[in-house]
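Source file: data.txt. Holds: compact mmCIF, C-alpha atoms.
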```
# COMPACT_ATOMS: atom_id res chain seq x y z
CA MET D 1 0.00 0.00 0.00
CA SER D 2 1.44 3.40 -1.00
CA GLU D 3 1.49 6.41 1.29
CA LEU D 4 -1.91 7.99 1.96
CA ILE D 5 -2.57 11.64 2.76
CA PHE D 6 -4.84 12.14 5.74
CA TYR D 7 -6.21 15.04 7.77
CA ILE D 8 -7.26 15.31 11.40
CA VAL D 9 -10.39 17.42 11.85
CA ASP D 10 -12.07 18.65 15.04
CA VAL D 11 -15.84 18.56 14.54
CA PHE D 12 -18.45 20.17 16.82
CA ALA D 13 -15.63 21.55 18.99
CA GLU D 14 -16.32 24.50 21.28
CA GLU D 15 -12.55 25.00 21.37
CA LYS D 16 -9.53 23.53 19.54
CA TYR D 17 -8.76 19.90 20.41
CA ALA D 18 -12.20 19.40 21.88
CA GLY D 19 -15.25 18.04 20.08
CA ASN D 20 -14.98 14.80 18.12
CA GLN D 21 -11.78 14.20 16.18
CA LEU D 22 -11.90 12.57 12.79
CA ALA D 23 -9.29 11.17 10.38
CA VAL D 24 -10.13 11.80 6.71
CA PHE D 25 -8.14 9.86 4.11
CA ARG D 26 -7.76 10.75 0.44
CA GLY D 27 -7.23 8.00 -2.13
CA GLY D 28 -9.65 5.55 -0.59
CA GLY D 29 -10.56 4.17 -4.02
CA ALA D 30 -7.22 2.37 -4.14
CA LEU D 31 -7.87 0.49 -0.91
CA ALA D 32 -9.59 -2.83 -0.32
CA ASP D 33 -12.28 -3.01 2.34
CA VAL D 34 -10.00 -4.93 4.69
CA GLU D 35 -7.34 -2.22 4.39
CA MET D 36 -9.82 0.53 5.25
CA GLN D 37 -11.00 -1.45 8.26
CA ARG D 38 -7.44 -2.04 9.42
CA ILE D 39 -6.59 1.66 9.19
CA ALA D 40 -9.76 2.64 11.07
CA ARG D 41 -8.85 0.16 13.80
CA GLU D 42 -5.28 1.50 14.03
CA ILE D 43 -6.41 5.15 14.07
CA ASN D 44 -9.02 4.18 16.72
CA PHE D 45 -11.16 7.32 16.50
CA SER D 46 -14.89 6.72 16.77
CA GLU D 47 -15.01 6.92 12.95
CA THR D 48 -12.51 7.25 10.10
CA THR D 49 -13.58 8.27 6.59
CA PHE D 50 -12.18 7.50 3.16
CA ILE D 51 -12.78 9.72 0.13
CA VAL D 52 -13.18 7.09 -2.57
CA SER D 53 -13.27 9.47 -5.55
CA GLU D 54 -12.13 13.08 -5.81
CA THR D 55 -14.48 13.76 -8.72
CA GLU D 56 -18.24 13.96 -8.36
CA ARG D 57 -20.51 11.06 -9.28
CA ASP D 58 -24.27 11.67 -9.55
CA GLY D 59 -23.62 15.12 -8.11
CA GLY D 60 -21.74 13.94 -5.03
CA PHE D 61 -18.44 12.57 -3.70
CA ASP D 62 -18.23 8.88 -2.82
CA VAL D 63 -17.26 8.48 0.84
CA ARG D 64 -17.09 5.49 3.16
CA ILE D 65 -17.19 5.56 6.96
CA PHE D 66 -15.61 2.97 9.28
CA THR D 67 -15.65 2.59 13.04
CA PRO D 68 -12.84 0.57 14.65
CA ARG D 69 -15.09 -2.50 14.28
CA GLU D 70 -17.15 -2.12 11.11
CA GLU D 71 -18.33 0.05 8.25
CA VAL D 72 -21.43 2.16 8.98
CA PRO D 73 -23.91 3.65 6.50
CA PHE D 74 -23.94 7.12 8.03
CA ALA D 75 -22.46 9.13 10.89
CA GLY D 76 -22.75 12.82 11.59
CA HIS D 77 -19.33 14.21 12.47
CA PRO D 78 -17.60 12.20 9.69
CA THR D 79 -20.06 13.69 7.19
CA LEU D 80 -19.35 17.28 8.25
CA GLY D 81 -15.60 16.77 8.68
CA THR D 82 -15.21 15.08 5.31
CA ALA D 83 -17.22 17.79 3.56
CA HIS D 84 -14.89 20.33 5.19
CA ILE D 85 -11.81 18.57 3.73
CA ILE D 86 -13.39 18.22 0.28
CA ARG D 87 -14.27 21.91 0.29
CA HIS D 88 -10.82 23.16 1.34
CA GLU D 89 -8.40 20.51 0.03
CA ILE D 90 -10.03 19.14 -3.13
CA MET D 91 -12.43 21.74 -4.54
CA HIS D 92 -10.39 24.78 -3.39
CA ILE D 93 -13.44 27.00 -3.74
CA ASP D 94 -15.98 28.37 -1.31
CA ALA D 95 -18.66 25.89 -2.34
CA GLY D 96 -21.99 26.65 -0.75
CA LYS D 97 -23.10 23.02 -0.96
CA ILE D 98 -21.35 19.65 -1.09
CA ILE D 99 -23.10 16.29 -1.42
CA LEU D 100 -21.64 13.10 0.04
CA ASN D 101 -22.64 9.76 -1.44
CA LEU D 102 -22.82 7.49 1.62
CA LYS D 103 -24.18 3.98 2.10
CA ALA D 104 -27.29 5.53 3.67
CA GLY D 105 -27.84 7.73 0.61
CA GLN D 106 -26.91 11.21 -0.56
CA ILE D 107 -26.38 13.66 2.31
CA PRO D 108 -26.14 17.36 1.40
CA VAL D 109 -23.86 19.60 3.47
CA THR D 110 -24.16 23.39 3.29
CA PHE D 111 -21.80 26.05 4.61
CA GLY D 112 -22.89 28.92 6.84
CA ASN D 113 -26.27 29.33 8.51
CA ASP D 114 -29.38 31.41 8.28
CA ASP D 115 -27.75 34.22 10.26
CA GLY D 116 -24.63 34.25 8.10
CA GLU D 117 -22.37 32.92 10.87
CA GLU D 118 -19.10 31.61 9.45
CA ASN D 119 -17.46 28.20 9.96
CA ILE D 120 -20.74 26.36 10.49
CA TYR D 121 -21.52 23.29 8.40
CA TRP D 122 -25.07 21.97 8.15
CA MET D 123 -26.13 18.51 7.01
CA LYS D 124 -29.66 17.60 6.07
CA GLN D 125 -30.32 14.08 7.30
CA ILE D 126 -32.63 11.52 5.74
CA GLU D 127 -36.25 11.40 6.84
CA PRO D 128 -36.49 9.88 10.33
CA VAL D 129 -37.86 6.43 11.00
CA PHE D 130 -39.24 5.45 14.41
CA GLY D 131 -38.90 1.90 15.74
CA ARG D 132 -39.35 -0.09 18.92
CA GLN D 133 -40.25 1.40 22.30
CA PHE D 134 -38.71 0.19 25.58
CA ARG D 135 -39.77 -0.16 29.21
CA PRO D 136 -38.13 2.33 31.61
CA ASP D 137 -37.14 -0.39 34.09
CA ILE D 138 -35.08 -2.21 31.44
CA ILE D 139 -33.28 0.94 30.30
CA SER D 140 -32.65 2.28 33.82
CA ALA D 141 -30.88 -0.98 34.67
CA VAL D 142 -28.67 -0.63 31.58
CA LEU D 143 -27.72 2.92 32.64
CA SER D 144 -27.23 2.24 36.38
CA LEU D 145 -30.05 4.69 37.19
CA LYS D 146 -33.26 4.53 39.18
CA GLN D 147 -36.39 4.14 37.09
CA SER D 148 -37.71 7.40 38.56
CA GLU D 149 -34.79 9.26 36.91
CA ILE D 150 -36.22 8.55 33.47
CA ASP D 151 -38.81 11.08 32.33
CA ASP D 152 -41.86 8.87 31.87
CA ARG D 153 -43.86 11.64 30.18
CA PHE D 154 -42.10 10.57 26.99
CA THR D 155 -41.32 7.20 25.45
CA ILE D 156 -37.93 5.52 25.17
CA GLU D 157 -37.71 4.81 21.48
CA GLU D 158 -35.54 3.78 18.55
CA VAL D 159 -35.11 6.57 15.99
CA SER D 160 -32.99 6.71 12.85
CA THR D 161 -32.02 9.56 10.54
CA GLY D 162 -29.38 7.33 8.95
CA LEU D 163 -27.93 5.49 11.96
CA PRO D 164 -30.44 4.29 14.60
CA HIS D 165 -30.19 5.25 18.26
CA ILE D 166 -32.25 4.44 21.33
CA ILE D 167 -33.36 7.84 22.67
CA VAL D 168 -33.75 8.05 26.46
CA PRO D 169 -35.27 11.15 28.17
CA LEU D 170 -33.93 11.88 31.66
CA ARG D 171 -35.29 14.29 34.24
CA SER D 172 -32.11 16.03 35.41
CA LEU D 173 -28.51 16.90 34.61
CA GLU D 174 -27.46 15.12 37.82
CA SER D 175 -28.89 11.85 36.47
CA LEU D 176 -27.25 12.39 33.08
CA LYS D 177 -23.87 12.91 34.76
CA ARG D 178 -24.22 9.78 36.91
CA ALA D 179 -25.30 7.42 34.14
CA ARG D 180 -22.93 4.47 33.67
CA VAL D 181 -23.50 1.66 31.19
CA VAL D 182 -23.62 -1.89 32.51
CA LYS D 183 -21.99 -3.58 29.53
CA GLU D 184 -23.54 -7.02 30.01
CA LYS D 185 -27.05 -5.54 30.16
CA TYR D 186 -26.27 -3.18 27.27
CA PHE D 187 -25.25 -6.03 24.98
CA ASP D 188 -28.28 -8.06 26.05
CA LEU D 189 -30.45 -5.06 25.18
CA ILE D 190 -29.08 -4.49 21.68
CA GLU D 191 -28.58 -8.14 20.70
CA ASN D 192 -31.80 -8.39 18.70
CA ASN D 193 -32.54 -4.69 18.27
CA TRP D 194 -32.22 -2.40 15.28
CA ALA D 195 -30.45 0.37 17.23
CA LYS D 196 -27.06 -0.40 18.78
CA ALA D 197 -26.27 3.04 20.27
CA VAL D 198 -27.97 4.70 23.25
CA ALA D 199 -28.42 8.49 23.44
CA ILE D 200 -29.57 10.00 26.73
CA PHE D 201 -30.56 13.63 27.21
CA CYS D 202 -31.99 16.11 29.69
CA PRO D 203 -33.27 19.71 29.36
CA GLN D 204 -30.69 21.16 31.80
CA PRO D 205 -27.40 22.26 30.14
CA HIS D 206 -23.95 22.74 31.65
CA LYS D 207 -23.79 26.19 30.04
CA PRO D 208 -26.78 28.54 30.30
CA GLU D 209 -26.59 29.57 26.64
CA ASN D 210 -27.31 25.99 25.56
CA ASN D 211 -30.67 24.20 25.59
CA ILE D 212 -30.02 20.52 26.18
CA SER D 213 -27.34 18.07 27.38
CA VAL D 214 -26.63 14.77 25.62
CA ARG D 215 -24.50 11.66 26.13
CA MET D 216 -24.08 8.76 23.71
CA PHE D 217 -22.90 5.21 24.40
CA GLY D 218 -21.92 2.83 21.59
CA ASP D 219 -19.74 -0.05 22.80
CA TYR D 220 -21.08 -2.14 19.92
CA TYR D 221 -19.18 0.15 17.52
CA GLY D 222 -16.08 0.24 19.72
CA VAL D 223 -17.04 3.65 21.15
CA PRO D 224 -17.83 3.44 24.89
CA GLU D 225 -18.80 7.14 24.91
CA ASP D 226 -18.72 9.63 22.05
CA PRO D 227 -17.89 13.31 22.65
CA ALA D 228 -20.14 14.54 19.82
CA THR D 229 -22.61 12.51 17.78
CA GLY D 230 -24.18 14.12 14.72
CA SER D 231 -26.24 11.06 13.83
CA GLY D 232 -27.47 10.61 17.41
CA ASN D 233 -28.39 14.27 17.75
CA GLY D 234 -30.21 14.10 14.43
CA CYS D 235 -32.25 11.23 15.84
CA LEU D 236 -32.81 13.28 18.99
CA ALA D 237 -33.96 16.32 16.99
CA ALA D 238 -36.54 14.18 15.19
CA TYR D 239 -37.64 12.67 18.52
CA LEU D 240 -38.09 16.10 20.15
CA VAL D 241 -40.31 17.33 17.33
CA HIS D 242 -42.22 14.07 16.90
CA HIS D 243 -43.13 13.97 20.61
CA ARG D 244 -43.65 17.74 20.90
CA TYR D 245 -41.11 17.85 23.73
CA TRP D 246 -41.50 21.62 24.01
CA GLY D 247 -45.08 21.60 22.76
CA GLN D 248 -44.35 22.64 19.18
CA ASN D 249 -43.65 21.13 15.77
CA ASN D 250 -40.21 22.71 15.32
CA ILE D 251 -36.95 23.28 17.19
CA ASP D 252 -33.87 25.46 16.75
CA ILE D 253 -31.59 24.61 19.66
CA ARG D 254 -28.02 24.23 20.93
CA ALA D 255 -27.12 20.75 22.19
CA GLU D 256 -24.00 20.17 24.30
CA GLN D 257 -22.17 16.86 24.62
CA GLY D 258 -18.84 15.46 25.80
CA TYR D 259 -18.51 17.31 29.12
CA GLU D 260 -18.36 14.09 31.15
CA ILE D 261 -15.27 12.91 29.21
CA GLY D 262 -13.51 16.27 29.01
CA ARG D 263 -14.30 16.94 25.32
CA PRO D 264 -16.93 19.73 25.36
CA SER D 265 -18.86 19.88 22.11
CA LEU D 266 -21.63 21.97 20.63
CA LEU D 267 -24.17 20.79 18.05
CA LEU D 268 -26.82 22.99 16.47
CA LEU D 269 -30.15 21.24 15.84
CA LYS D 270 -32.98 22.36 13.60
CA ALA D 271 -36.04 20.27 12.85
CA GLU D 272 -39.59 20.88 11.68
CA GLU D 273 -42.58 18.66 10.99
CA LYS D 274 -44.78 19.48 8.01
CA ASN D 275 -47.33 17.25 6.32
CA ARG D 276 -46.31 14.34 8.60
CA LYS D 277 -42.68 14.58 7.46
CA ILE D 278 -39.84 15.77 9.67
CA ASP D 279 -36.97 17.76 8.18
CA VAL D 280 -33.80 17.45 10.28
CA ARG D 281 -30.59 19.47 10.04
CA VAL D 282 -27.55 19.20 12.30
CA GLY D 283 -24.82 21.84 12.29
CA GLY D 284 -21.47 22.57 13.85
CA LYS D 285 -17.91 23.74 13.34
CA ALA D 286 -15.17 21.80 11.57
CA ILE D 287 -11.49 22.75 11.93
CA THR D 288 -8.45 21.07 10.35
CA VAL D 289 -5.81 20.59 13.05
CA ALA D 290 -3.23 18.32 11.34
CA LYS D 291 -2.15 16.80 8.02
CA GLY D 292 0.09 13.80 7.46
CA GLU D 293 0.99 10.67 5.52
CA PHE D 294 -0.04 7.19 6.57
CA VAL D 295 2.52 4.57 5.56
```

Go through the file and emit its structure as C-alpha cells.
Amino acid sequence: MSELIFYIVDVFAEEKYAGNQLAVFRGGGALADVEMQRIAREINFSETTFIVSETERDGGFDVRIFTPREEVPFAGHPTLGTAHIIRHEIMHIDAGKIILNLKAGQIPVTFGNDDGEENIYWMKQIEPVFGRQFRPDIISAVLSLKQSEIDDRFTIEEVSTGLPHIIVPLRSLESLKRARVVKEKYFDLIENNWAKAVAIFCPQPHKPENNISVRMFGDYYGVPEDPATGSGNGCLAAYLVHHRYWGQNNIDIRAEQGYEIGRPSLLLLKAEEKNRKIDVRVGGKAITVAKGEFV
C-alpha cells in the first residue's frame, strides 16, 4: 500500500482539540475493504472516513465511513468533517453546498447558517424512521439509574435519521452525569434490536446559553462514549419534534455533549414537521488541526 494523505479534523468543537476528532483519508478508491477497516482500527477514532473518488458522481463525492469495528452507512461528524476537507483541500473554492454519497444515501452539506455565521456546516439528514419502544425499568438498569430518573412523560424509542439510536429522556442533569453503562445488560439489550447506540438527554445544560445536554454510548461500535454525535443528535432532533417535547412542531436549539469525558462539544439542531414529514438538520464547526501521511 502506497502512502496515503490524511487530515485530522475537530468537529463540533467549542474550542480547539475538543469536540470529536476525525481522520479523513484521500485515495480511498485504491484500498480494499480490509485495508480501510485495518486503518480505522489503528487510528481508533470513533469513525474514520475514506474519500473514494475526488471527482463527483451523480452530483456527489463517494465516501465510506468505518468505526474501529465495522463500516457504517452514516455518521454525523464524519459527514461534516469530510465535507470540510473536500471543500478546502479538493475543490479549493468556497462551495456553498457539497453532497456526500454514503451507504445511507446522498447527504447534502451546506456552509454557513441562516444568520450568516461563518465556519458552520449543516447537514440535512434523511427522513427519520421510528422503531421499537422500551420499558423504563429495562433501560434504567442498563444505565445504572433509578427508574424514577427517566422522564416517563415521553417514550424511550428507537429513531434513525441514517444510523439508529435508542433515545432516552432523563429528568435532570445530575442523572445524566451519573449514568454508567452496565456492559452485560447493554449487549443483552441491543442483541436483537435495530439500534445499537444509546443516546440519553436532559433539558438542563452545563452552560446557560445551551438548551439541552446529551451523552451517547456505543460499545457495539467500539465507542464506549462519544464526545459529539451528529447522527445521534439528528435522531434526537426528530424525537423532540415528533413527541412535541417543548409543545411545538419545530426546534432550533443548541445541544452540548462530551462534558463528562472532558471533550466539550456543541451541536446545532434544527427540525420541523410538516405534512407528517420531519426535516432534520444538524450543524457545527469543523477545523483542520493536522495533516500527514499514513505509511

Counting all atoms listed in the file, which residue out of D:Ala179, D:Leu266, D:Val9, D:Leu4 sits closest to D:Glu35?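 Closest to D:Glu35 of all the choices is D:Leu4.
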
Write out as a PyMOL selection string which residues come within 12 Å of D:Gly162 when counting all atoms listed in the file, dropping same-chain ones fewer than 5 positions away. chain D and resi 72-76+79+102-107+123-130+194-195+230-235+238+280

Selection near D:Asp226, 9 Å with all atoms listed in the file, sequence-local residues under 2 positions removed, as a count of residues only: 13

Just to confirm, what's the straight-line distance from atom CA of D:Ala83 to atom CA of D:Lys207 in Å (one decimal)?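 Between atom CA of D:Ala83 and atom CA of D:Lys207 the gap is 28.5 Å.
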
Distance in Å - atom CA of D:Val282 versus atom CA of D:Glu15: 18.5 Å

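Residue nearest D:Leu145, chosen from D:Arg180, D:Arg276, D:Trp122, D:Arg254 and counting all atoms listed in the file: D:Arg180.
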
Contacts of stretch 51-59 of chain D at 9 Å or less, counting all atoms listed in the file, minus same-chain residues fewer than 2 places along, as a list of chain:residue names?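 Once the adjacent positions are removed, what remains is D:Val24, D:Phe25, D:Arg26, D:Gly27, D:Gly28, D:Gly29, D:Ala30, D:Leu31, D:Thr49, D:Phe61, D:Asp62, D:Val63, D:Arg64, D:Thr82, D:Ile86, D:Ile90, D:Met91, D:Ile98, D:Ile99, D:Leu100, D:Asn101.
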
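Protein, DNA and RNA residues at most 7 Å from (-14.7, 0.7, 10.5), with only C-alpha atoms, are these: D:Gln37, D:Ala40, D:Arg41, D:Glu47, D:Thr48, D:Ile65, D:Phe66, D:Thr67, D:Pro68, D:Arg69, D:Glu70, D:Glu71.
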
Non-local contacts of D:Glu149 (10 Å; all atoms listed in the file; under 6 positions in same chain excluded) as a ChimeraX atom specification: /D:136,140,169-172,174-176

Near D:Lys270, within 9 Å and counting all atoms listed in the file, which residues show up once chain neighbours fewer than 6 positions away are dropped, as a CSV table (one decimal) with C-alpha atoms, keeping the file's coordinate frame?
```
chain,number,residue,atom,x,y,z
D,234,GLY,CA,-30.2,14.1,14.4
D,237,ALA,CA,-34.0,16.3,17.0
D,250,ASN,CA,-40.2,22.7,15.3
D,251,ILE,CA,-37.0,23.3,17.2
D,252,ASP,CA,-33.9,25.5,16.8
D,253,ILE,CA,-31.6,24.6,19.7
D,279,ASP,CA,-37.0,17.8,8.2
D,280,VAL,CA,-33.8,17.4,10.3
D,281,ARG,CA,-30.6,19.5,10.0
D,282,VAL,CA,-27.6,19.2,12.3
D,283,GLY,CA,-24.8,21.8,12.3
```

Considering only C-alpha atoms, can you say which of D:Leu240, D:Val142, D:Cys202, D:Ile120 comes closest to D:Ala13? D:Ile120

So how far away is atom CA of D:Thr161 from atom CA of D:Arg132, in Å? 14.7 Å

Quick one: what's the axis-aligned box for stretch 54-59 of chain D, all listed atoms, 3 Å on every side, centre and edges in Å to one decimal, as AutoDock Vina command-line options?
```
--center_x -18.2 --center_y 13.1 --center_z -7.7 --size_x 18.1 --size_y 10.1 --size_z 9.7
```

When distances are computed from all atoms listed in the file, which of D:Ala255, D:Leu236, D:Ala23, D:Leu267 shows the smallest separation from D:His84? D:Ala23

Nearest to D:Leu143, chosen from D:Ile190, D:Val159, D:Ile5, D:Ile200, with all atoms listed in the file counted in the distances: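 So, comparing all the options, the nearest one is D:Ile200.
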
So, counting only C-alpha atoms, which residue among D:Lys274, D:Tyr7, D:Gly60, D:Val181 is closest to D:Ile43? D:Tyr7
